[in-house]
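The file start-v1.pdb contains PDB, C-alpha atoms:
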ATOM      1  CA  LYS P 356      86.463 146.661 166.893
ATOM      2  CA  GLN P 357      88.456 147.767 169.946
ATOM      3  CA  PHE P 358      87.149 148.591 173.404
ATOM      4  CA  CYS P 359      89.278 149.624 176.371
ATOM      5  CA  LEU P 360      88.492 150.585 179.962
ATOM      6  CA  LYS P 361      91.427 151.255 182.291
ATOM      7  CA  GLY P 362      91.349 152.280 185.920
ATOM      8  CA  ILE P 363      87.628 153.038 185.832
ATOM      9  CA  LYS P 364      85.759 150.973 188.377
ATOM     10  CA  ILE P 365      82.580 149.664 186.791
ATOM     11  CA  GLN P 366      79.607 150.108 189.084
ATOM     12  CA  SER P 367      77.116 147.275 189.439
ATOM     13  CA  GLN P 368      74.289 149.294 187.956
ATOM     14  CA  ASN P 369      76.284 149.822 184.751
ATOM     15  CA  VAL P 370      77.321 146.211 184.228
ATOM     16  CA  ALA P 371      74.179 145.162 182.360
ATOM     17  CA  ILE P 372      74.439 148.153 180.027
ATOM     18  CA  ILE P 373      78.084 147.453 179.124
ATOM     19  CA  ALA P 374      77.632 143.688 178.875
ATOM     20  CA  LYS P 375      74.592 144.060 176.640
ATOM     21  CA  ALA P 376      76.609 146.346 174.367
ATOM     22  CA  PHE P 377      79.168 143.551 173.963
ATOM     23  CA  GLN P 378      76.498 141.081 172.935
ATOM     24  CA  GLY P 379      76.058 141.252 169.194
ATOM     25  CA  SER P 380      78.954 143.673 168.804
ATOM     26  CA  LYS P 381      81.958 143.009 166.603
ATOM     27  CA  ILE P 382      84.555 143.856 169.232
ATOM     28  CA  SER P 383      87.648 141.755 168.572
ATOM     29  CA  ASN P 384      90.083 143.485 170.947
ATOM     30  CA  LEU P 385      88.730 143.927 174.480
ATOM     31  CA  SER P 386      90.725 145.481 177.353
ATOM     32  CA  LEU P 387      89.211 145.725 180.832
ATOM     33  CA  ILE P 388      92.226 146.852 182.862
ATOM     34  CA  ASN P 389      92.002 147.459 186.610
ATOM     35  CA  CYS P 390      88.267 147.994 186.525
ATOM     36  CA  LEU P 391      86.574 144.724 187.483
ATOM     37  CA  SER P 392      85.437 142.971 190.650
ATOM     38  CA  ASN P 393      84.761 139.242 190.792
ATOM     39  CA  ASP P 394      80.972 139.613 190.860
ATOM     40  CA  ILE P 395      81.126 141.779 187.738
ATOM     41  CA  LEU P 396      83.420 139.265 186.024
ATOM     42  CA  ASP P 397      80.936 136.533 186.815
ATOM     43  CA  TYR P 398      78.132 138.624 185.330
ATOM     44  CA  PHE P 399      80.071 139.251 182.127
ATOM     45  CA  SER P 400      80.738 135.552 181.515
ATOM     46  CA  GLY P 401      77.343 134.896 179.950
ATOM     47  CA  TYR P 402      77.910 137.528 177.319
ATOM     48  CA  PHE P 403      81.134 135.951 176.070
ATOM     49  CA  LEU P 404      79.605 132.544 175.384
ATOM     50  CA  ASN P 405      80.051 131.564 171.734
ATOM     51  CA  ASN P 406      81.452 134.996 170.861
ATOM     52  CA  GLN P 407      82.636 134.659 167.275
ATOM     53  CA  ASN P 408      84.489 137.992 167.105
ATOM     54  CA  LEU P 409      86.673 138.153 170.207
ATOM     55  CA  ARG P 410      90.377 137.688 169.432
ATOM     56  CA  TYR P 411      92.322 139.584 172.105
ATOM     57  CA  LEU P 412      91.386 139.871 175.778
ATOM     58  CA  ASN P 413      93.335 141.983 178.289
ATOM     59  CA  LEU P 414      92.280 141.639 181.938
ATOM     60  CA  SER P 415      95.550 142.885 183.457
ATOM     61  CA  GLU P 416      95.737 144.584 186.860
ATOM     62  CA  ASN P 417      92.422 143.203 188.071
ATOM     63  CA  LYS P 418      93.141 141.857 191.555
ATOM     64  CA  SER P 419      89.817 140.129 192.116
ATOM     65  CA  LYS P 420      89.559 136.375 191.981
ATOM     66  CA  ILE P 421      88.627 135.276 188.462
ATOM     67  CA  PRO P 422      85.423 133.180 188.557
ATOM     68  CA  THR P 423      85.647 129.760 186.939
ATOM     69  CA  THR P 424      82.473 130.515 184.984
ATOM     70  CA  PHE P 425      84.176 133.546 183.434
ATOM     71  CA  LEU P 426      87.201 131.563 182.239
ATOM     72  CA  SER P 427      84.996 128.706 181.070
ATOM     73  CA  SER P 428      83.060 131.071 178.835
ATOM     74  CA  PHE P 429      86.166 131.584 176.711
ATOM     75  CA  LEU P 430      86.298 127.904 175.876
ATOM     76  CA  THR P 431      83.310 128.587 173.664
ATOM     77  CA  CYS P 432      85.002 131.515 171.853
ATOM     78  CA  PRO P 433      86.166 129.779 168.663
ATOM     79  CA  ASN P 434      88.618 132.485 167.589
ATOM     80  CA  ILE P 435      90.282 133.710 170.792
ATOM     81  CA  LEU P 436      94.017 134.271 170.175
ATOM     82  CA  SER P 437      95.481 136.167 173.118
ATOM     83  CA  MET P 438      94.724 136.450 176.840
ATOM     84  CA  ASP P 439      96.503 138.806 179.248
ATOM     85  CA  PHE P 440      96.243 138.124 182.996
ATOM     86  CA  SER P 441      99.339 140.103 183.999
ATOM     87  CA  ASP P 442      99.441 141.598 187.489
ATOM     88  CA  CYS P 443      96.164 139.986 188.529
ATOM     89  CA  ALA P 444      97.296 138.473 191.851
ATOM     90  CA  LEU P 445      96.349 135.053 190.504
ATOM     91  CA  CYS P 446      95.766 132.398 193.160
ATOM     92  CA  GLN P 447      96.270 128.645 192.841
ATOM     93  CA  GLU P 448      92.654 128.150 191.804
ATOM     94  CA  ASP P 449      93.053 130.750 189.048
ATOM     95  CA  ILE P 450      96.157 128.989 187.716
ATOM     96  CA  THR P 451      94.258 125.707 187.778
ATOM     97  CA  SER P 452      91.407 127.215 185.758
ATOM     98  CA  ILE P 453      93.770 128.791 183.224
ATOM     99  CA  SER P 454      95.641 125.494 182.897
ATOM    100  CA  LYS P 455      92.412 123.624 182.199
ATOM    101  CA  LEU P 456      91.484 126.242 179.608
ATOM    102  CA  LEU P 457      94.825 125.658 177.874
ATOM    103  CA  GLN P 458      94.251 121.922 177.736
ATOM    104  CA  ILE P 459      90.961 122.326 175.888
ATOM    105  CA  ASN P 460      91.361 125.499 173.845
ATOM    106  CA  GLN P 461      93.257 125.016 170.580
ATOM    107  CA  THR P 462      93.071 128.548 169.131
ATOM    108  CA  ILE P 463      94.940 130.645 171.693
ATOM    109  CA  THR P 464      98.446 131.607 170.531
ATOM    110  CA  GLU P 465      99.548 133.985 173.318
ATOM    111  CA  LEU P 466      99.244 133.808 177.111
ATOM    112  CA  ILE P 467     100.541 136.585 179.384
ATOM    113  CA  LEU P 468     100.868 135.766 183.089
ATOM    114  CA  SER P 469     103.580 138.260 184.062
ATOM    115  CA  ASN P 470     103.785 139.785 187.546
ATOM    116  CA  ASN P 471     101.920 136.944 189.231
ATOM    117  CA  THR P 472     103.399 134.494 191.713
ATOM    118  CA  ILE P 473     103.405 130.985 190.251
ATOM    119  CA  ASP P 474     104.746 128.257 192.544
ATOM    120  CA  SER P 475     105.973 124.769 191.687
ATOM    121  CA  GLN P 476     102.471 123.325 191.648
ATOM    122  CA  GLY P 477     101.296 126.058 189.291
ATOM    123  CA  CYS P 478     104.276 125.526 186.980
ATOM    124  CA  SER P 479     103.605 121.798 186.961
ATOM    125  CA  MET P 480      99.977 122.364 185.946
ATOM    126  CA  ILE P 481     100.919 124.808 183.194
ATOM    127  CA  GLY P 482     103.597 122.383 181.984
ATOM    128  CA  TYR P 483     101.064 119.571 181.782
ATOM    129  CA  SER P 484      98.717 121.844 179.825
ATOM    130  CA  LEU P 485     101.488 122.699 177.368
ATOM    131  CA  LYS P 486     101.746 119.007 176.553
ATOM    132  CA  LYS P 487      98.067 118.997 175.559
ATOM    133  CA  ASN P 488      97.915 122.367 173.807
ATOM    134  CA  THR P 489      99.215 122.619 170.239
ATOM    135  CA  SER P 490      98.265 126.229 169.400
ATOM    136  CA  LEU P 491     100.119 128.324 172.001
ATOM    137  CA  GLN P 492     103.163 130.051 170.521
ATOM    138  CA  LYS P 493     103.991 132.792 173.050
ATOM    139  CA  ILE P 494     104.084 132.670 176.835
ATOM    140  CA  ASN P 495     105.120 135.560 179.068
ATOM    141  CA  LEU P 496     106.146 134.581 182.594
ATOM    142  CA  ASN P 497     108.070 137.718 183.506
ATOM    143  CA  ASN P 498     108.505 138.209 187.264
ATOM    144  CA  CYS P 499     106.520 135.173 188.394
ATOM    145  CA  GLY P 500     108.903 133.973 191.113
ATOM    146  CA  ILE P 501     109.876 130.926 189.058
ATOM    147  CA  THR P 502     112.831 129.039 190.527
ATOM    148  CA  GLN P 503     115.103 126.454 188.916
ATOM    149  CA  GLU P 504     112.947 123.665 190.370
ATOM    150  CA  SER P 505     109.724 125.217 189.057
ATOM    151  CA  LEU P 506     111.299 125.743 185.652
ATOM    152  CA  MET P 507     112.040 122.036 185.325
ATOM    153  CA  LEU P 508     108.384 121.246 186.032
ATOM    154  CA  LEU P 509     107.241 123.878 183.542
ATOM    155  CA  PHE P 510     109.247 122.522 180.619
ATOM    156  CA  ASP P 511     109.316 118.815 181.448
ATOM    157  CA  GLN P 512     108.881 117.420 177.927
ATOM    158  CA  SER P 513     106.458 120.226 177.109
ATOM    159  CA  GLY P 514     106.333 123.486 175.164
ATOM    160  CA  GLN P 515     107.607 122.075 171.865
ATOM    161  CA  ASN P 516     105.345 124.456 169.910
ATOM    162  CA  LEU P 517     106.426 127.641 171.698
ATOM    163  CA  LYS P 518     108.111 130.251 169.518
ATOM    164  CA  GLU P 519     108.569 132.934 172.183
ATOM    165  CA  VAL P 520     109.297 132.417 175.891
ATOM    166  CA  ILE P 521     109.729 135.345 178.291
ATOM    167  CA  LEU P 522     111.295 134.391 181.641
ATOM    168  CA  ASP P 523     112.744 137.758 182.685
ATOM    169  CA  ASN P 524     113.161 138.630 186.370
ATOM    170  CA  ASN P 525     112.857 135.068 187.679
ATOM    171  CA  PRO P 526     115.546 133.633 190.023
ATOM    172  CA  ILE P 527     116.332 130.576 187.903
ATOM    173  CA  GLY P 528     120.108 131.009 188.308
ATOM    174  CA  ASP P 529     122.749 128.907 186.581
ATOM    175  CA  PRO P 530     121.081 125.528 187.299
ATOM    176  CA  GLY P 531     117.858 126.775 185.700
ATOM    177  CA  LEU P 532     119.768 128.032 182.673
ATOM    178  CA  LEU P 533     121.431 124.660 182.196
ATOM    179  CA  GLY P 534     118.066 122.979 182.627
ATOM    180  CA  LEU P 535     116.809 124.968 179.643
ATOM    181  CA  CYS P 536     119.229 123.003 177.472
ATOM    182  CA  THR P 537     116.830 120.060 177.581
ATOM    183  CA  PHE P 538     113.992 122.336 176.526
ATOM    184  CA  LEU P 539     116.039 123.636 173.592
ATOM    185  CA  LYS P 540     116.795 120.091 172.472
ATOM    186  CA  THR P 541     113.102 119.259 172.148
ATOM    187  CA  ASN P 542     111.862 122.618 170.827
ATOM    188  CA  LYS P 543     112.926 123.176 167.217
ATOM    189  CA  VAL P 544     110.782 126.268 166.504
ATOM    190  CA  LEU P 545     111.766 128.634 169.330
ATOM    191  CA  HIS P 546     112.606 132.091 167.997
ATOM    192  CA  ILE P 547     112.862 134.274 171.122
ATOM    193  CA  LEU P 548     114.091 133.305 174.598
ATOM    194  CA  SER P 549     114.346 136.181 177.054
ATOM    195  CA  ILE P 550     116.141 135.507 180.348
ATOM    196  CA  LYS P 551     117.001 139.021 181.494
ATOM    197  CA  ASN P 552     117.874 139.579 185.168
ATOM    198  CA  CYS P 553     117.613 135.904 186.107
ATOM    199  CA  ASN P 554     120.639 135.706 188.444
ATOM    200  CA  ILE P 555     122.732 134.004 185.772
ATOM    201  CA  SER P 556     126.525 134.073 185.921
ATOM    202  CA  GLU P 557     129.355 133.077 183.604
ATOM    203  CA  LEU P 558     129.369 129.687 185.355
ATOM    204  CA  GLY P 559     126.048 128.956 183.667
ATOM    205  CA  ILE P 560     126.465 130.930 180.448
ATOM    206  CA  LYS P 561     129.570 129.129 179.203
ATOM    207  CA  PRO P 562     128.253 125.543 179.437
ATOM    208  CA  PHE P 563     124.852 126.743 178.204
ATOM    209  CA  ILE P 564     126.501 128.126 175.101
ATOM    210  CA  SER P 565     128.705 125.072 174.638
ATOM    211  CA  CYS P 566     126.063 122.410 175.195
ATOM    212  CA  GLY P 567     122.621 123.910 174.836
ATOM    213  CA  LEU P 568     122.720 126.402 172.017
ATOM    214  CA  LEU P 569     124.240 124.208 169.367
ATOM    215  CA  VAL P 570     121.269 121.822 169.330
ATOM    216  CA  GLN P 571     118.899 124.490 167.984
ATOM    217  CA  ALA P 572     117.332 123.975 164.575
ATOM    218  CA  ALA P 573     115.721 127.418 164.113
ATOM    219  CA  LYS P 574     117.396 130.823 164.326
ATOM    220  CA  ILE P 575     116.905 132.086 167.846
ATOM    221  CA  ILE P 576     117.299 135.401 169.672
ATOM    222  CA  ILE P 577     118.481 134.922 173.261
ATOM    223  CA  ASN P 578     118.390 137.967 175.513
ATOM    224  CA  MET P 579     120.631 137.671 178.584
ATOM    225  CA  GLU P 580     120.764 141.336 179.620
ATOM    226  CA  ASN P 581     121.110 142.472 183.248
ATOM    227  CA  ASN P 582     122.507 139.255 184.666
ATOM    228  CA  LYS P 583     125.699 138.917 186.715
ATOM    229  CA  GLU P 584     129.072 140.265 185.601
ATOM    230  CA  ILE P 585     130.974 138.156 183.086
ATOM    231  CA  LYS P 586     134.646 138.336 184.001
ATOM    232  CA  GLU P 587     135.826 135.471 181.825
ATOM    233  CA  ASP P 588     136.806 136.114 178.213
ATOM    234  CA  LEU P 589     134.029 134.606 176.066
ATOM    235  CA  TYR P 590     135.500 135.706 172.751
ATOM    236  CA  PRO P 591     137.514 132.481 172.113
ATOM    237  CA  LEU P 592     134.408 130.364 172.640
ATOM    238  CA  PHE P 593     132.317 132.440 170.222
ATOM    239  CA  SER P 594     135.003 132.990 167.591
ATOM    240  CA  GLU P 595     135.892 129.284 167.455
ATOM    241  CA  LYS P 596     132.407 128.469 166.143
ATOM    242  CA  GLU P 597     131.605 131.835 164.631
ATOM    243  CA  GLU P 598     129.954 130.528 161.458
ATOM    244  CA  ILE P 599     127.592 128.262 163.379
ATOM    245  CA  PHE P 600     126.554 131.061 165.702
ATOM    246  CA  LYS P 601     126.193 133.548 162.860
ATOM    247  CA  ALA P 602     123.801 131.240 161.056
ATOM    248  CA  ASN P 603     121.696 130.328 164.054
ATOM    249  CA  PHE P 604     121.813 132.893 166.859
ATOM    250  CA  ILE P 605     121.562 136.481 167.984
ATOM    251  CA  LEU P 606     122.780 136.904 171.568
ATOM    252  CA  LEU P 607     122.147 140.014 173.654
ATOM    253  CA  PHE P 608     124.238 140.972 176.697
ATOM    254  CA  SER P 609     124.470 144.108 178.828
ATOM    255  CA  GLN P 610     127.643 145.909 177.841
ATOM    256  CA  ASN P 611     128.391 147.031 181.409
ATOM    257  CA  LYS P 612     128.393 143.373 182.529
ATOM    258  CA  ILE P 613     131.101 142.305 180.065
ATOM    259  CA  LYS P 614     134.485 142.845 181.704
ATOM    260  CA  ARG P 615     136.805 141.390 179.055
ATOM    261  CA  SER P 616     137.028 141.569 175.258
ATOM    262  CA  ALA P 617     133.920 143.734 174.850
ATOM    263  CA  ASP P 618     135.426 145.385 171.754
ATOM    264  CA  LYS P 619     136.150 142.015 170.155
ATOM    265  CA  LEU P 620     132.678 140.723 170.939
ATOM    266  CA  LYS P 621     131.155 143.764 169.226
ATOM    267  CA  GLN P 622     132.810 142.669 166.000
ATOM    268  CA  LEU P 623     130.836 139.434 165.978
ATOM    269  CA  THR P 624     127.646 140.009 164.024
ATOM    270  CA  PHE P 625     125.553 137.639 166.159
ATOM    271  CA  ILE P 626     126.319 139.455 169.437
ATOM    272  CA  GLU P 627     124.692 142.693 170.553
ATOM    273  CA  LEU P 628     125.968 144.591 173.602
ATOM    274  CA  VAL P 629     123.266 146.932 174.828
TER     275      VAL P 629
END

Output the structure of this file as structure tokens.
Amino acid sequence: KQFCLKGIKIQSQNVAIIAKAFQGSKISNLSLINCLSNDILDYFSGYFLNNQNLRYLNLSENKSKIPTTFLSSFLTCPNILSMDFSDCALCQEDITSISKLLQINQTITELILSNNTIDSQGCSMIGYSLKKNTSLQKINLNNCGITQESLMLLFDQSGQNLKEVILDNNPIGDPGLLGLCTFLKTNKVLHILSIKNCNISELGIKPFISCGLLVQAAKIIINMENNKEIKEDLYPLFSEKEEIFKANFILLFSQNKIKRSADKLKQLTFIELV
């Protein structure tokens, strides 16, 4: 039920053989990593139409433009759950096609777009799609060049069904972190928020903790590793509301970034210094 090709360039004369093998097969987990050109992708699209078995599709590291016909074919896959387009050099047209797919498809639960550049227009389109889609639970936007302005467009009254959001390695800074407070107020099911290496300082962390975190309804893991040094003593803030935090949060920080009261913070069961 699994098929994986990685780093093997598929020659045109072999496309029909491979595609025909897919047709009628019971492959549910398909990975075609760094092995496809756009003409081959276009050829494959016909073989995915109405595929009842496909659940997980990994197309990462393919730099060719993704044909619209190829993406459209997955709208007819009634059981598709996960799609990985990481490191695919996605262009604006690709983001548009993926956004349209999200608006229509109501089975996909995970979308991976890491290591692609997504500008404000792309974030706005994805955000609009998140308002329409009710099935998506996980989105990975690691290293997508998302700024604080783009982040506001991405989560503008959208993403209420998301349970896991990965925003690592994006320059959202303190304003972007504070902007996430609004997202947390409207999303009551979020379980994992990862904002590692996002140029966040104590100027953003303290008000984020004070204002944003306490509105959560579900227990949430927030990973803030590899951000700027925290010179201020955060222990009084955490210890003052220790029972609330213990019941609702697990917070991860980089130990080498904590400059005061690291030993005291380690004693708090909801804080992990890694």

I need the residue nearest Lys455 of chain P from this list: P:Cys478, P:Leu426, P:Leu589, P:Val370. Use only C-alpha atoms for the distance. P:Leu426

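Among the candidates P:Lys596, P:Pro526, P:Ile382, P:Ile585, the one nearest to Gln610 of chain P when counting only C-alpha atoms is P:Ile585.
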
Please write the residues picked by the PyMOL selection byres ((chain P and resi 496-501) around 12) on this file as a PDB file with C-alpha atoms, keeping the file's coordinate frame.
ATOM      1  CA  ASP P 439      96.503 138.806 179.248  1.00  0.00           C
ATOM      2  CA  PHE P 440      96.243 138.124 182.996  1.00  0.00           C
ATOM      3  CA  SER P 441      99.339 140.103 183.999  1.00  0.00           C
ATOM      4  CA  ASP P 442      99.441 141.598 187.489  1.00  0.00           C
ATOM      5  CA  CYS P 443      96.164 139.986 188.529  1.00  0.00           C
ATOM      6  CA  ALA P 444      97.296 138.473 191.851  1.00  0.00           C
ATOM      7  CA  LEU P 445      96.349 135.053 190.504  1.00  0.00           C
ATOM      8  CA  GLU P 465      99.548 133.985 173.318  1.00  0.00           C
ATOM      9  CA  LEU P 466      99.244 133.808 177.111  1.00  0.00           C
ATOM     10  CA  ILE P 467     100.541 136.585 179.384  1.00  0.00           C
ATOM     11  CA  LEU P 468     100.868 135.766 183.089  1.00  0.00           C
ATOM     12  CA  SER P 469     103.580 138.260 184.062  1.00  0.00           C
ATOM     13  CA  ASN P 470     103.785 139.785 187.546  1.00  0.00           C
ATOM     14  CA  ASN P 471     101.920 136.944 189.231  1.00  0.00           C
ATOM     15  CA  THR P 472     103.399 134.494 191.713  1.00  0.00           C
ATOM     16  CA  ILE P 473     103.405 130.985 190.251  1.00  0.00           C
ATOM     17  CA  ASP P 474     104.746 128.257 192.544  1.00  0.00           C
ATOM     18  CA  SER P 475     105.973 124.769 191.687  1.00  0.00           C
ATOM     19  CA  GLN P 476     102.471 123.325 191.648  1.00  0.00           C
ATOM     20  CA  GLY P 477     101.296 126.058 189.291  1.00  0.00           C
ATOM     21  CA  CYS P 478     104.276 125.526 186.980  1.00  0.00           C
ATOM     22  CA  SER P 479     103.605 121.798 186.961  1.00  0.00           C
ATOM     23  CA  ILE P 481     100.919 124.808 183.194  1.00  0.00           C
ATOM     24  CA  LYS P 493     103.991 132.792 173.050  1.00  0.00           C
ATOM     25  CA  ILE P 494     104.084 132.670 176.835  1.00  0.00           C
ATOM     26  CA  ASN P 495     105.120 135.560 179.068  1.00  0.00           C
ATOM     27  CA  THR P 502     112.831 129.039 190.527  1.00  0.00           C
ATOM     28  CA  GLN P 503     115.103 126.454 188.916  1.00  0.00           C
ATOM     29  CA  GLU P 504     112.947 123.665 190.370  1.00  0.00           C
ATOM     30  CA  SER P 505     109.724 125.217 189.057  1.00  0.00           C
ATOM     31  CA  LEU P 506     111.299 125.743 185.652  1.00  0.00           C
ATOM     32  CA  MET P 507     112.040 122.036 185.325  1.00  0.00           C
ATOM     33  CA  LEU P 508     108.384 121.246 186.032  1.00  0.00           C
ATOM     34  CA  LEU P 509     107.241 123.878 183.542  1.00  0.00           C
ATOM     35  CA  PHE P 510     109.247 122.522 180.619  1.00  0.00           C
ATOM     36  CA  GLU P 519     108.569 132.934 172.183  1.00  0.00           C
ATOM     37  CA  VAL P 520     109.297 132.417 175.891  1.00  0.00           C
ATOM     38  CA  ILE P 521     109.729 135.345 178.291  1.00  0.00           C
ATOM     39  CA  LEU P 522     111.295 134.391 181.641  1.00  0.00           C
ATOM     40  CA  ASP P 523     112.744 137.758 182.685  1.00  0.00           C
ATOM     41  CA  ASN P 524     113.161 138.630 186.370  1.00  0.00           C
ATOM     42  CA  ASN P 525     112.857 135.068 187.679  1.00  0.00           C
ATOM     43  CA  PRO P 526     115.546 133.633 190.023  1.00  0.00           C
ATOM     44  CA  ILE P 527     116.332 130.576 187.903  1.00  0.00           C
ATOM     45  CA  GLY P 528     120.108 131.009 188.308  1.00  0.00           C
ATOM     46  CA  GLY P 531     117.858 126.775 185.700  1.00  0.00           C
ATOM     47  CA  LEU P 548     114.091 133.305 174.598  1.00  0.00           C
ATOM     48  CA  SER P 549     114.346 136.181 177.054  1.00  0.00           C
ATOM     49  CA  ILE P 550     116.141 135.507 180.348  1.00  0.00           C
ATOM     50  CA  LYS P 551     117.001 139.021 181.494  1.00  0.00           C
ATOM     51  CA  ASN P 552     117.874 139.579 185.168  1.00  0.00           C
ATOM     52  CA  CYS P 553     117.613 135.904 186.107  1.00  0.00           C
ATOM     53  CA  ASN P 554     120.639 135.706 188.444  1.00  0.00           C
TER      54      ASN P 554
END

Apply the PyMOL selection byres ((chain P and resi 615) around 9) to the displayed file and report the matching residues as a ChimeraX atom specification. /P:585-590,613-614,616-619

Go ahead and save the residues from that selection, with C-alpha atoms, as a PDB file, keeping the file's coordinate frame.
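For reference, again_30.pdb as written:
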ATOM      1  CA  ILE P 585     130.974 138.156 183.086  1.00  0.00           C
ATOM      2  CA  LYS P 586     134.646 138.336 184.001  1.00  0.00           C
ATOM      3  CA  GLU P 587     135.826 135.471 181.825  1.00  0.00           C
ATOM      4  CA  ASP P 588     136.806 136.114 178.213  1.00  0.00           C
ATOM      5  CA  LEU P 589     134.029 134.606 176.066  1.00  0.00           C
ATOM      6  CA  TYR P 590     135.500 135.706 172.751  1.00  0.00           C
ATOM      7  CA  ILE P 613     131.101 142.305 180.065  1.00  0.00           C
ATOM      8  CA  LYS P 614     134.485 142.845 181.704  1.00  0.00           C
ATOM      9  CA  SER P 616     137.028 141.569 175.258  1.00  0.00           C
ATOM     10  CA  ALA P 617     133.920 143.734 174.850  1.00  0.00           C
ATOM     11  CA  ASP P 618     135.426 145.385 171.754  1.00  0.00           C
ATOM     12  CA  LYS P 619     136.150 142.015 170.155  1.00  0.00           C
TER      13      LYS P 619
END

Set the distance at 7 Å and use all atoms listed in the file: which residues neighbour Asn603 of chain P once local chain neighbours fewer than 4 positions away are removed? I'd like the list as a PDB file with C-alpha atoms, in the coordinates of the input.
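And here's result-v1.pdb as it stands now:
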ATOM      1  CA  ALA P 573     115.721 127.418 164.113  1.00  0.00           C
ATOM      2  CA  LYS P 574     117.396 130.823 164.326  1.00  0.00           C
ATOM      3  CA  ILE P 575     116.905 132.086 167.846  1.00  0.00           C
ATOM      4  CA  ILE P 599     127.592 128.262 163.379  1.00  0.00           C
TER       5      ILE P 599
END

Going by the chain IDs and residue numbers used in this file, which residues fall under the PyMOL selection byres ((chain P and resi 395) around 12)? Write them as a VMD selection string. chain P and resid 364 to 371 373 to 374 387 390 to 394 396 to 402 417 419 to 422 424 to 425

Generate the output file for the selected residues, C-alpha atoms, as a CSV table (one decimal), in the frame of the given file.
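This went into selection-v4.csv:
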chain,number,residue,atom,x,y,z
P,364,LYS,CA,85.8,151.0,188.4
P,365,ILE,CA,82.6,149.7,186.8
P,366,GLN,CA,79.6,150.1,189.1
P,367,SER,CA,77.1,147.3,189.4
P,368,GLN,CA,74.3,149.3,188.0
P,369,ASN,CA,76.3,149.8,184.8
P,370,VAL,CA,77.3,146.2,184.2
P,371,ALA,CA,74.2,145.2,182.4
P,373,ILE,CA,78.1,147.5,179.1
P,374,ALA,CA,77.6,143.7,178.9
P,387,LEU,CA,89.2,145.7,180.8
P,390,CYS,CA,88.3,148.0,186.5
P,391,LEU,CA,86.6,144.7,187.5
P,392,SER,CA,85.4,143.0,190.6
P,393,ASN,CA,84.8,139.2,190.8
P,394,ASP,CA,81.0,139.6,190.9
P,396,LEU,CA,83.4,139.3,186.0
P,397,ASP,CA,80.9,136.5,186.8
P,398,TYR,CA,78.1,138.6,185.3
P,399,PHE,CA,80.1,139.3,182.1
P,400,SER,CA,80.7,135.6,181.5
P,401,GLY,CA,77.3,134.9,180.0
P,402,TYR,CA,77.9,137.5,177.3
P,417,ASN,CA,92.4,143.2,188.1
P,419,SER,CA,89.8,140.1,192.1
P,420,LYS,CA,89.6,136.4,192.0
P,421,ILE,CA,88.6,135.3,188.5
P,422,PRO,CA,85.4,133.2,188.6
P,424,THR,CA,82.5,130.5,185.0
P,425,PHE,CA,84.2,133.5,183.4
